[in-house]
Structures are given as structure tokens and as C-alpha cells.
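Undergrad: Input query_9.pdb, format and content: PDB, C-alpha atoms and all ligand atoms.
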MODEL        1
ATOM      1  CA  MET A   1      34.998 139.660  20.205
ATOM      2  CA  ILE A   2      38.257 138.811  18.435
ATOM      3  CA  LYS A   3      39.665 140.981  15.661
ATOM      4  CA  LEU A   4      40.723 138.831  12.697
ATOM      5  CA  SER A   5      42.286 139.646   9.321
ATOM      6  CA  GLU A   6      41.879 142.875   7.391
ATOM      7  CA  LEU A   7      38.949 142.818   4.994
ATOM      8  CA  TYR A   8      39.431 146.182   3.343
ATOM      9  CA  SER A   9      41.505 149.313   3.806
ATOM     10  CA  GLY A  10      40.167 152.594   2.471
ATOM     11  CA  LYS A  11      41.536 156.124   2.541
ATOM     12  CA  ALA A  12      40.803 156.801   6.218
ATOM     13  CA  LYS A  13      39.405 153.585   7.702
ATOM     14  CA  THR A  14      40.338 149.909   7.829
ATOM     15  CA  VAL A  15      37.732 147.173   8.181
ATOM     16  CA  TYR A  16      38.540 143.855   9.900
ATOM     17  CA  ARG A  17      36.717 140.532  10.056
ATOM     18  CA  THR A  18      35.854 139.241  13.506
ATOM     19  CA  ASP A  19      35.075 135.829  15.010
ATOM     20  CA  ASP A  20      31.398 136.723  14.546
ATOM     21  CA  PRO A  21      30.565 136.522  10.807
ATOM     22  CA  GLU A  22      27.751 139.045  11.315
ATOM     23  CA  LYS A  23      30.077 141.726  12.735
ATOM     24  CA  LEU A  24      33.043 143.723  11.473
ATOM     25  CA  ILE A  25      35.421 146.138  13.181
ATOM     26  CA  MET A  26      35.899 149.525  11.538
ATOM     27  CA  LYS A  27      39.062 151.348  12.602
ATOM     28  CA  PHE A  28      39.311 155.113  12.085
ATOM     29  CA  ARG A  29      42.878 155.993  11.086
ATOM     30  CA  ASP A  30      44.812 159.269  11.250
ATOM     31  CA  SER A  31      45.413 159.312   7.491
ATOM     32  CA  LEU A  32      43.428 161.526   5.177
ATOM     33  CA  THR A  33      43.193 162.176   1.467
ATOM     34  CA  ALA A  34      41.430 164.671  -0.753
ATOM     35  CA  PHE A  35      40.921 165.286  -4.469
ATOM     36  CA  ASP A  36      40.596 161.570  -5.355
ATOM     37  CA  GLY A  37      43.636 160.654  -3.294
ATOM     38  CA  LYS A  38      45.916 163.210  -4.992
ATOM     39  CA  LYS A  39      46.495 165.052  -1.683
ATOM     40  CA  LYS A  40      47.501 162.890   1.289
ATOM     41  CA  SER A  41      48.476 163.479   4.896
ATOM     42  CA  GLU A  42      48.470 162.178   8.470
ATOM     43  CA  ALA A  43      46.943 164.062  11.393
ATOM     44  CA  PRO A  44      47.483 162.769  14.938
ATOM     45  CA  LYS A  45      44.190 162.061  16.806
ATOM     46  CA  LYS A  46      42.088 162.721  13.724
ATOM     47  CA  GLY A  47      40.949 159.071  13.750
ATOM     48  CA  TYR A  48      40.033 159.369  17.430
ATOM     49  CA  TYR A  49      37.929 162.520  16.998
ATOM     50  CA  ASN A  50      36.159 161.157  13.911
ATOM     51  CA  ALA A  51      35.424 157.820  15.607
ATOM     52  CA  GLN A  52      33.950 159.555  18.657
ATOM     53  CA  ILE A  53      31.861 161.966  16.553
ATOM     54  CA  ALA A  54      30.599 159.113  14.334
ATOM     55  CA  ALA A  55      29.715 156.918  17.340
ATOM     56  CA  LYS A  56      27.759 159.753  18.942
ATOM     57  CA  LEU A  57      25.849 160.702  15.797
ATOM     58  CA  LEU A  58      25.069 157.096  14.792
ATOM     59  CA  SER A  59      23.809 156.387  18.336
ATOM     60  CA  LEU A  60      21.676 159.514  18.229
ATOM     61  CA  LEU A  61      20.114 158.378  14.931
ATOM     62  CA  GLU A  62      19.440 154.905  16.401
ATOM     63  CA  GLU A  63      17.707 156.544  19.372
ATOM     64  CA  LYS A  64      15.537 158.462  16.900
ATOM     65  CA  GLY A  65      14.513 155.248  15.118
ATOM     66  CA  ILE A  66      16.959 155.168  12.183
ATOM     67  CA  LYS A  67      18.481 151.703  11.712
ATOM     68  CA  THR A  68      22.273 151.924  11.402
ATOM     69  CA  HIS A  69      25.154 149.437  11.274
ATOM     70  CA  PHE A  70      26.568 150.811  14.565
ATOM     71  CA  ASP A  71      26.929 148.292  17.378
ATOM     72  CA  SER A  72      29.467 149.571  19.926
ATOM     73  CA  MET A  73      32.964 150.987  20.424
ATOM     74  CA  ILE A  74      35.665 148.488  21.399
ATOM     75  CA  SER A  75      38.447 151.053  21.649
ATOM     76  CA  ASP A  76      38.870 154.802  21.212
ATOM     77  CA  THR A  77      39.157 154.455  17.437
ATOM     78  CA  GLU A  78      37.445 151.120  16.691
ATOM     79  CA  MET A  79      33.748 150.551  16.112
ATOM     80  CA  VAL A  80      31.929 147.219  15.922
ATOM     81  CA  VAL A  81      29.422 147.324  13.075
ATOM     82  CA  ASP A  82      26.955 144.945  11.425
ATOM     83  CA  ALA A  83      28.296 143.393   8.238
ATOM     84  CA  VAL A  84      26.224 144.828   5.381
ATOM     85  CA  ASP A  85      26.207 144.645   1.629
ATOM     86  CA  ILE A  86      27.161 148.243   0.739
ATOM     87  CA  ILE A  87      25.027 149.977  -1.878
ATOM     88  CA  LYS A  88      27.459 151.723  -4.216
ATOM     89  CA  ILE A  89      25.753 155.106  -4.079
ATOM     90  CA  GLU A  90      27.091 158.154  -2.218
ATOM     91  CA  VAL A  91      24.037 159.991  -0.991
ATOM     92  CA  ILE A  92      24.791 163.682  -0.566
ATOM     93  CA  VAL A  93      22.427 165.943   1.317
ATOM     94  CA  ARG A  94      22.851 169.688   0.854
ATOM     95  CA  ASN A  95      21.399 172.437   3.054
ATOM     96  CA  ILE A  96      23.724 175.274   2.045
ATOM     97  CA  ALA A  97      25.547 175.575  -1.287
ATOM     98  CA  ALA A  98      29.278 174.744  -1.134
ATOM     99  CA  GLY A  99      31.965 172.660  -2.812
ATOM    100  CA  SER A 100      31.232 170.935  -6.104
ATOM    101  CA  LEU A 101      27.667 172.293  -6.270
ATOM    102  CA  VAL A 102      29.016 175.832  -6.566
ATOM    103  CA  LYS A 103      31.683 174.749  -9.062
ATOM    104  CA  LYS A 104      29.202 173.023 -11.353
ATOM    105  CA  TYR A 105      26.073 175.195 -11.112
ATOM    106  CA  PRO A 106      25.265 178.886 -10.649
ATOM    107  CA  PHE A 107      24.800 178.658  -6.878
ATOM    108  CA  LYS A 108      26.644 180.992  -4.521
ATOM    109  CA  THR A 109      28.642 179.589  -1.600
ATOM    110  CA  GLY A 110      26.539 180.031   1.542
ATOM    111  CA  GLN A 111      23.218 180.176  -0.333
ATOM    112  CA  LYS A 112      20.497 178.412   1.672
ATOM    113  CA  LEU A 113      18.915 175.399  -0.042
ATOM    114  CA  ASP A 114      15.413 174.976   1.309
ATOM    115  CA  PRO A 115      14.139 172.314   0.720
ATOM    116  CA  PRO A 116      17.460 170.482   0.911
ATOM    117  CA  ILE A 117      18.956 169.056  -2.283
ATOM    118  CA  LEU A 118      19.695 165.330  -2.520
ATOM    119  CA  VAL A 119      22.359 164.144  -4.937
ATOM    120  CA  PHE A 120      23.314 160.550  -5.781
ATOM    121  CA  ASP A 121      26.882 159.808  -6.920
ATOM    122  CA  TYR A 122      28.045 156.423  -8.216
ATOM    123  CA  LYS A 123      30.608 155.220  -5.649
ATOM    124  CA  SER A 124      33.389 154.225  -8.021
ATOM    125  CA  ASP A 125      36.934 155.640  -7.868
ATOM    126  CA  GLU A 126      37.530 154.152 -11.306
ATOM    127  CA  HIS A 127      34.774 156.324 -12.795
ATOM    128  CA  GLY A 128      35.451 159.388 -10.605
ATOM    129  CA  ASP A 129      32.228 159.122  -8.539
ATOM    130  CA  PRO A 130      29.942 160.610 -11.249
ATOM    131  CA  MET A 131      26.534 161.989 -10.385
ATOM    132  CA  ILE A 132      23.746 159.563 -11.316
ATOM    133  CA  ASN A 133      19.957 159.605 -11.328
ATOM    134  CA  ASP A 134      17.452 156.887 -10.404
ATOM    135  CA  ASP A 135      17.350 155.507 -13.960
ATOM    136  CA  ILE A 136      21.134 155.055 -14.074
ATOM    137  CA  ALA A 137      21.207 153.521 -10.564
ATOM    138  CA  ILE A 138      18.493 151.029 -11.543
ATOM    139  CA  ALA A 139      20.048 150.244 -14.951
ATOM    140  CA  LEU A 140      23.432 149.606 -13.280
ATOM    141  CA  GLY A 141      21.704 147.322 -10.771
ATOM    142  CA  LEU A 142      22.957 149.435  -7.838
ATOM    143  CA  ALA A 143      19.529 149.533  -6.162
ATOM    144  CA  THR A 144      15.866 148.945  -6.920
ATOM    145  CA  LYS A 145      13.288 151.710  -7.370
ATOM    146  CA  ASP A 146      11.838 150.842  -3.983
ATOM    147  CA  GLU A 147      15.266 150.948  -2.303
ATOM    148  CA  LEU A 148      16.017 154.335  -3.869
ATOM    149  CA  LEU A 149      12.744 155.690  -2.516
ATOM    150  CA  LYS A 150      13.577 154.367   0.967
ATOM    151  CA  ILE A 151      17.098 155.802   0.807
ATOM    152  CA  ARG A 152      15.740 159.207  -0.189
ATOM    153  CA  LYS A 153      13.286 159.236   2.743
ATOM    154  CA  LEU A 154      15.938 158.008   5.194
ATOM    155  CA  ALA A 155      18.467 160.627   4.037
ATOM    156  CA  LEU A 156      15.951 163.445   4.565
ATOM    157  CA  SER A 157      14.947 162.126   8.011
ATOM    158  CA  ILE A 158      18.623 161.819   9.001
ATOM    159  CA  ASN A 159      19.179 165.382   7.812
ATOM    160  CA  SER A 160      16.311 166.710   9.976
ATOM    161  CA  ILE A 161      17.600 164.873  13.051
ATOM    162  CA  LEU A 162      21.166 166.113  12.539
ATOM    163  CA  LEU A 163      20.077 169.712  11.868
ATOM    164  CA  ASP A 164      17.989 169.706  15.050
ATOM    165  CA  HIS A 165      20.832 168.256  17.077
ATOM    166  CA  LEU A 166      23.533 170.587  15.763
ATOM    167  CA  ALA A 167      21.510 173.790  15.956
ATOM    168  CA  ASP A 168      22.236 174.468  19.637
ATOM    169  CA  LYS A 169      25.898 173.536  19.205
ATOM    170  CA  ASN A 170      26.493 176.520  16.932
ATOM    171  CA  LEU A 171      27.301 174.238  14.019
ATOM    172  CA  LEU A 172      25.887 174.668  10.527
ATOM    173  CA  LEU A 173      25.668 171.561   8.341
ATOM    174  CA  PRO A 174      26.013 172.738   4.707
ATOM    175  CA  ASP A 175      26.273 169.205   3.328
ATOM    176  CA  PHE A 176      27.245 165.625   4.102
ATOM    177  CA  LYS A 177      27.605 162.217   2.515
ATOM    178  CA  LEU A 178      25.833 159.040   3.567
ATOM    179  CA  GLU A 179      26.207 155.421   2.541
ATOM    180  CA  PHE A 180      23.620 152.718   2.999
ATOM    181  CA  GLY A 181      23.850 148.931   3.101
ATOM    182  CA  ARG A 182      21.529 145.929   2.929
ATOM    183  CA  ARG A 183      21.224 143.417   5.716
ATOM    184  CA  LYS A 184      18.581 140.704   5.822
ATOM    185  CA  GLY A 185      16.448 142.562   3.283
ATOM    186  CA  LYS A 186      16.522 145.826   5.236
ATOM    187  CA  ILE A 187      18.306 149.093   4.418
ATOM    188  CA  LEU A 188      20.706 150.285   7.138
ATOM    189  CA  LEU A 189      22.715 153.477   7.399
ATOM    190  CA  ALA A 190      26.364 152.394   7.084
ATOM    191  CA  ASP A 191      29.835 153.990   6.965
ATOM    192  CA  GLU A 192      30.455 157.085   9.135
ATOM    193  CA  ILE A 193      29.247 160.608   9.843
ATOM    194  CA  SER A 194      32.276 162.692  10.748
ATOM    195  CA  CYS A 195      34.399 165.721   9.872
ATOM    196  CA  ASP A 196      35.663 163.750   6.854
ATOM    197  CA  THR A 197      32.180 163.303   5.399
ATOM    198  CA  CYS A 198      30.318 166.431   6.519
ATOM    199  CA  ARG A 199      30.875 170.133   6.047
ATOM    200  CA  PHE A 200      30.565 171.806   9.438
ATOM    201  CA  TRP A 201      30.692 175.608   9.645
ATOM    202  CA  ASP A 202      30.808 177.621  12.820
ATOM    203  CA  LYS A 203      27.433 179.382  13.023
ATOM    204  CA  LYS A 204      28.883 182.720  14.141
ATOM    205  CA  THR A 205      32.063 183.006  12.058
ATOM    206  CA  GLY A 206      31.307 180.679   9.123
ATOM    207  CA  GLU A 207      34.714 179.087   9.717
ATOM    208  CA  SER A 208      35.163 175.572   8.229
ATOM    209  CA  LEU A 209      35.550 172.882  10.884
ATOM    210  CA  ASP A 210      35.909 169.881   8.568
ATOM    211  CA  LYS A 211      38.028 168.348   5.824
ATOM    212  CA  ASP A 212      37.947 171.615   3.825
ATOM    213  CA  VAL A 213      40.612 172.820   6.307
ATOM    214  CA  PHE A 214      42.861 170.165   4.764
ATOM    215  CA  ARG A 215      41.565 170.429   1.177
ATOM    216  CA  PHE A 216      42.192 174.162   0.990
ATOM    217  CA  ASP A 217      44.968 174.649   3.600
ATOM    218  CA  LYS A 218      42.682 176.735   5.796
ATOM    219  CA  GLY A 219      44.538 176.102   9.068
ATOM    220  CA  ASP A 220      45.110 173.321  11.565
ATOM    221  CA  LEU A 221      42.962 170.289  10.795
ATOM    222  CA  VAL A 222      43.301 168.640  14.197
ATOM    223  CA  SER A 223      42.199 171.829  16.017
ATOM    224  CA  ALA A 224      39.133 172.019  13.768
ATOM    225  CA  TYR A 225      38.189 168.355  14.348
ATOM    226  CA  ARG A 226      38.817 168.738  18.099
ATOM    227  CA  GLU A 227      36.476 171.741  18.145
ATOM    228  CA  VAL A 228      33.682 169.728  16.480
ATOM    229  CA  ALA A 229      34.304 166.885  18.952
ATOM    230  CA  ARG A 230      34.146 169.398  21.853
ATOM    231  CA  ARG A 231      30.691 170.460  20.686
ATOM    232  CA  ILE A 232      29.283 167.035  19.707
ATOM    233  CA  VAL A 233      30.953 164.746  22.283
ATOM    234  CA  PRO A 234      31.905 167.061  25.182
ATOM    235  CA  GLU A 235      32.001 164.067  27.548
ATOM    236  CA  ILE A 236      35.289 162.782  26.094
ATOM    237  CA  PHE A 237      37.027 165.940  27.315
ATOM    238  CA  GLU A 238      35.816 165.461  30.877
ATOM    239  CA  LYS A 239      37.838 162.244  31.379
TER
HETATM  240  N1  LIG B 301      31.865 163.808   0.414
HETATM  241  C1  LIG B 301      32.439 162.674   0.966
HETATM  242  N2  LIG B 301      33.055 161.778   0.147
HETATM  243  C2  LIG B 301      33.129 161.927  -1.201
HETATM  244  C3  LIG B 301      32.541 163.078  -1.760
HETATM  245  C4  LIG B 301      31.918 163.999  -0.933
HETATM  246  O1  LIG B 301      32.378 162.466   2.171
HETATM  247  O2  LIG B 301      33.689 161.055  -1.885
HETATM  248  C5  LIG B 301      31.194 164.792   1.273
HETATM  249  C6  LIG B 301      32.007 166.065   1.400
HETATM  250  O3  LIG B 301      32.845 166.030   2.546
HETATM  251  C7  LIG B 301      30.952 167.115   1.545
HETATM  252  C8  LIG B 301      29.761 166.563   0.767
HETATM  253  O4  LIG B 301      29.993 165.168   0.659
HETATM  254  O5  LIG B 301      30.553 167.251   2.905
HETATM  255  C9  LIG B 301      29.589 167.193  -0.588
HETATM  256  O6  LIG B 301      30.798 167.136  -1.286
HETATM  257  P1  LIG B 301      30.959 167.832  -2.713
HETATM  258  O7  LIG B 301      30.119 167.105  -3.716
HETATM  259  O8  LIG B 301      30.778 169.294  -2.606
HETATM  260  O9  LIG B 301      32.432 167.491  -3.147
HETATM  261  P2  LIG B 301      33.758 168.131  -2.615
HETATM  262  O10 LIG B 301      33.552 169.590  -2.506
HETATM  263  O11 LIG B 301      33.977 167.454  -1.302
HETATM  264  O12 LIG B 301      34.718 167.715  -3.693
ENDMDL
END
Rewrite the structure of this file - the entire thing - as C-alpha cells.
TA:
Amino acid sequence: MIKLSELYSGKAKTVYRTDDPEKLIMKFRDSLTAFDGKKKSEAPKKGYYNAQIAAKLLSLLEEKGIKTHFDSMISDTEMVVDAVDIIKIEVIVRNIAAGSLVKKYPFKTGQKLDPPILVFDYKSDEHGDPMINDDIAIALGLATKDELLKIRKLALSINSILLDHLADKNLLLPDFKLEFGRRKGKILLADEISCDTCRFWDKKTGESLDKDVFRFDKGDLVSAYREVARRIVPEIFEK
């Protein structure tokens, strides 16, 4: 496969066209931003750890029957993915109250949410990613009623698989963000699952091992991401 021109560059990843029109290459970079891009930084090896964590978790989901855009890794930080039409909804799954949920509503940080809470945000920097409901998503033409139902079911199945998998790695999963895409009439899980898009807390200490370390200056980001990689992809440390 040949990497061609850049298609899109986001806050932490760059997407390239390839000689196969059905495939793209997604490169995980060391840059990171928070608070709508107001806080920016670089962290060496952050792209590597996120790419390895995402590859492992997307493969795990595929093994469990969830269709994803993941194809293969072509380097330590570059993933071949199926080209999809991205649905502009950020699907947030919450198992434990944290972050914006606690800011906006009378939940307490650390409060268990059982059953999990699903939140849909409109993926639009211009509008500040506002929370939407099914009616708004349908009226904006973001997705059909049937697609929203499928996305909801997929998000909850993905959550169960991830919770099961992380339980014996001493990692809590308070919340995470998913994105879905359409390909040949089917809904696929797209984007990434990594320390940039999930909250991971150490089960014993409650310590944040995710982007909150950067958002709130809680310590060394790369050490936190490395620790998650050590638990989720231990094989990369055996090389
Ligand atoms: N999240 C994300 N991208 C976004 C917004 C949220 O990956 O644009 C993730 C975030 O890392 C967290 C979860 O979604 O794991 C819930 O985020 P929340 O709504 O609490 O917002 P935040 O506290 O990150 O501002």
C-alpha cells in the first residue's frame, strides 16, 4: 500500500489517502490539545502508545463481532482503516460520573452510573460540540432513526466488551467517546479508542491515566499513557 496526500489533519491524528480508494492511513501524532484547542502540547511517544492501544482494542472488538474500520498497522503509529462516511455524532458512554457530567448536573465525581448513560454530542467545533437528542440528530440529517438505534445498541455492546476486558487489568473506564461511520450501507465503529478518548482510572488508587493528566496538570502524561499501554498491550514491552 502506498501512502498518498494528506486528506485531513485533526488535533492528534492525520489521515492520508492511499493507492486503494477504499482504504486510508490514520497516523497518531504526539500532539495533543484540550479545552477546544485552547491548551496545546507535544508528548514524545504519545502517538505510539495511543496507536498501539487503539489497534489492540479495535481488534478485540472485531474478534467479539463488532464491525470496525480497523484493517492493520503499517508502522508503529500508522493504522490502515476502511474509508467511511463519518457520522457527525460523538457518542459518549458513561459508567462513572466525571468531567462535564459533574459540571453540568448534580452528579458526584466517582458516582457509579448503572445502567450506563449514553450521551450524543453534535461533532462540530464551530458549535462547540453541543449535546443533542435523537430529534435534533434526525432534523439535522446527521443520522436516521434506525441508525441512531443501531448506534445506541453498538455503543452499549462495545462498553460491555471493554469493561469485561479491562476489569482484570485494574483499569476503571468512567467514560469514553466513540465515532461511527457508514460504509456500503453498514454502520462501522470508526476513529480510535485510546487515552485521548477514554477516561481510565487505576482501580486501586483512582489515579487518572488518560488525557485528564494533561487537562488538569496532574503529572506526567507520557508515564500515564505508557502505564495504560503496559496493561492493555504488554507485548510491545517484550520486544
Ligand atoms: N471526549 C473526547 N472528545 C471530545 C469530548 C469528549 O474524546 O471531543 C471523551 C473524553 O476524553 C471523556 C469522555 O469523552 O473520556 C467524556 O468527556 P466529557 O463530556 O466529560 O468532556 P470533558 O470532561 O472531556 O470536557
Undergrad: How would you report the residues lying within 10 Å of ligand LIG 301 (chain B), as a PyMOL selection string, if you count only C-alpha atoms and all ligand atoms?
TA: chain A and resi 34-36+90-94+97-104+119-125+128-131+173-179+192-200+210-212+215
Undergrad: Rank nothing, just name the residue among A:Ile136, A:Ala190, A:Leu4, A:Ile25 nearest to Asp85 of chain A, using only C-alpha atoms.
TA: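 For Asp85 of chain A, the nearest of the candidates is A:Ala190.
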Undergrad: Evaluated on this file, the PyMOL selection byres (((chain A and resi 204) around 10) and not hetatm) picks out some residues - which ones are they, written as a PDB file with C-alpha atoms, in the frame of the given file?
TA:
ATOM      1  CA  ASN A 170      26.493 176.520  16.932  1.00  0.00           C
ATOM      2  CA  LEU A 171      27.301 174.238  14.019  1.00  0.00           C
ATOM      3  CA  LEU A 172      25.887 174.668  10.527  1.00  0.00           C
ATOM      4  CA  TRP A 201      30.692 175.608   9.645  1.00  0.00           C
ATOM      5  CA  ASP A 202      30.808 177.621  12.820  1.00  0.00           C
ATOM      6  CA  LYS A 203      27.433 179.382  13.023  1.00  0.00           C
ATOM      7  CA  THR A 205      32.063 183.006  12.058  1.00  0.00           C
ATOM      8  CA  GLY A 206      31.307 180.679   9.123  1.00  0.00           C
ATOM      9  CA  GLU A 207      34.714 179.087   9.717  1.00  0.00           C
TER      10      GLU A 207
END
Undergrad: Rounded to one decimal, what separation in Å do you get between atom CA of Tyr16 of chain A and atom CA of Arg29 of chain A?
TA: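 Taking atom CA of Tyr16 of chain A as the start and atom CA of Arg29 of chain A as the end point, the length is 12.9 Å.
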Undergrad: Might you spell out which residues the PyMOL selection byres (((chain A and resi 113) around 8) and not hetatm) would select in the displayed file, as a list in words?
TA: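 When the PyMOL selection byres (((chain A and resi 113) around 8) and not hetatm) is applied to the shown file, the picked residues are Arg94, Asn95, Ile96, Ala97, Gln111, Lys112, Asp114, Pro115, Pro116 and Ile117 of chain A.
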Undergrad: Counting only C-alpha atoms, figure out which residue out of A:Pro234, A:Ser157, A:Leu32, A:Phe180 gets nearest to Ile66 of chain A.
TA: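 Closest candidate: A:Ser157.
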Undergrad: Please list as a PDB file with C-alpha atoms, keeping the file's coordinate frame every residue within 12 Å of Asn50 of chain A, counting all atoms listed in the file and excluding residues in the same chain fewer than 5 positions away.
TA:
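As a result, result.pdb now contains:
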ATOM      1  CA  ALA A  12      40.803 156.801   6.218  1.00  0.00           C
ATOM      2  CA  LYS A  13      39.405 153.585   7.702  1.00  0.00           C
ATOM      3  CA  MET A  26      35.899 149.525  11.538  1.00  0.00           C
ATOM      4  CA  LYS A  27      39.062 151.348  12.602  1.00  0.00           C
ATOM      5  CA  PHE A  28      39.311 155.113  12.085  1.00  0.00           C
ATOM      6  CA  ARG A  29      42.878 155.993  11.086  1.00  0.00           C
ATOM      7  CA  ASP A  30      44.812 159.269  11.250  1.00  0.00           C
ATOM      8  CA  SER A  31      45.413 159.312   7.491  1.00  0.00           C
ATOM      9  CA  LEU A  32      43.428 161.526   5.177  1.00  0.00           C
ATOM     10  CA  ALA A  43      46.943 164.062  11.393  1.00  0.00           C
ATOM     11  CA  PRO A  44      47.483 162.769  14.938  1.00  0.00           C
ATOM     12  CA  LYS A  45      44.190 162.061  16.806  1.00  0.00           C
ATOM     13  CA  ALA A  55      29.715 156.918  17.340  1.00  0.00           C
ATOM     14  CA  LYS A  56      27.759 159.753  18.942  1.00  0.00           C
ATOM     15  CA  LEU A  57      25.849 160.702  15.797  1.00  0.00           C
ATOM     16  CA  LEU A  58      25.069 157.096  14.792  1.00  0.00           C
ATOM     17  CA  ASP A  76      38.870 154.802  21.212  1.00  0.00           C
ATOM     18  CA  THR A  77      39.157 154.455  17.437  1.00  0.00           C
ATOM     19  CA  GLU A  78      37.445 151.120  16.691  1.00  0.00           C
ATOM     20  CA  MET A  79      33.748 150.551  16.112  1.00  0.00           C
ATOM     21  CA  ASP A 191      29.835 153.990   6.965  1.00  0.00           C
ATOM     22  CA  GLU A 192      30.455 157.085   9.135  1.00  0.00           C
ATOM     23  CA  ILE A 193      29.247 160.608   9.843  1.00  0.00           C
ATOM     24  CA  SER A 194      32.276 162.692  10.748  1.00  0.00           C
ATOM     25  CA  CYS A 195      34.399 165.721   9.872  1.00  0.00           C
ATOM     26  CA  ASP A 196      35.663 163.750   6.854  1.00  0.00           C
ATOM     27  CA  THR A 197      32.180 163.303   5.399  1.00  0.00           C
ATOM     28  CA  CYS A 198      30.318 166.431   6.519  1.00  0.00           C
ATOM     29  CA  ASP A 210      35.909 169.881   8.568  1.00  0.00           C
ATOM     30  CA  LYS A 211      38.028 168.348   5.824  1.00  0.00           C
ATOM     31  CA  LEU A 221      42.962 170.289  10.795  1.00  0.00           C
ATOM     32  CA  VAL A 222      43.301 168.640  14.197  1.00  0.00           C
ATOM     33  CA  ALA A 224      39.133 172.019  13.768  1.00  0.00           C
ATOM     34  CA  TYR A 225      38.189 168.355  14.348  1.00  0.00           C
ATOM     35  CA  ARG A 226      38.817 168.738  18.099  1.00  0.00           C
ATOM     36  CA  GLU A 227      36.476 171.741  18.145  1.00  0.00           C
ATOM     37  CA  VAL A 228      33.682 169.728  16.480  1.00  0.00           C
ATOM     38  CA  ALA A 229      34.304 166.885  18.952  1.00  0.00           C
ATOM     39  CA  ARG A 230      34.146 169.398  21.853  1.00  0.00           C
ATOM     40  CA  ILE A 232      29.283 167.035  19.707  1.00  0.00           C
ATOM     41  CA  VAL A 233      30.953 164.746  22.283  1.00  0.00           C
TER      42      VAL A 233
END
Undergrad: So, with only C-alpha atoms as the atoms that count, which of A:Gly219, A:Gly10, A:Gly141, A:Pro21 lies closest to Ile89 of chain A?
TA: A:Gly141
Undergrad: Can you tell me how far atom CA of Ser160 of chain A sits from atom CA of Leu140 of chain A, in Å to one decimal?
TA: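 Separation between atom CA of Ser160 of chain A and atom CA of Leu140 of chain A: 29.7 Å.
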Undergrad: Between A:Val84, A:Ile158, A:Lys39, A:Asp164, which is the closest to Gly185 of chain A once you count all atoms listed in the file?
TA: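 Of all the options, A:Val84 lies closest to Gly185 of chain A.
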Undergrad: Would you kindly translate the PyMOL selection byres (((chain A and resi 69) around 6) and not hetatm) into the concrete residues it picks from this file, as a PDB file with C-alpha atoms, in the coordinates of the input?
TA:
ATOM      1  CA  THR A  68      22.273 151.924  11.402  1.00  0.00           C
ATOM      2  CA  PHE A  70      26.568 150.811  14.565  1.00  0.00           C
ATOM      3  CA  VAL A  81      29.422 147.324  13.075  1.00  0.00           C
ATOM      4  CA  ASP A  82      26.955 144.945  11.425  1.00  0.00           C
ATOM      5  CA  ALA A 190      26.364 152.394   7.084  1.00  0.00           C
TER       6      ALA A 190
END
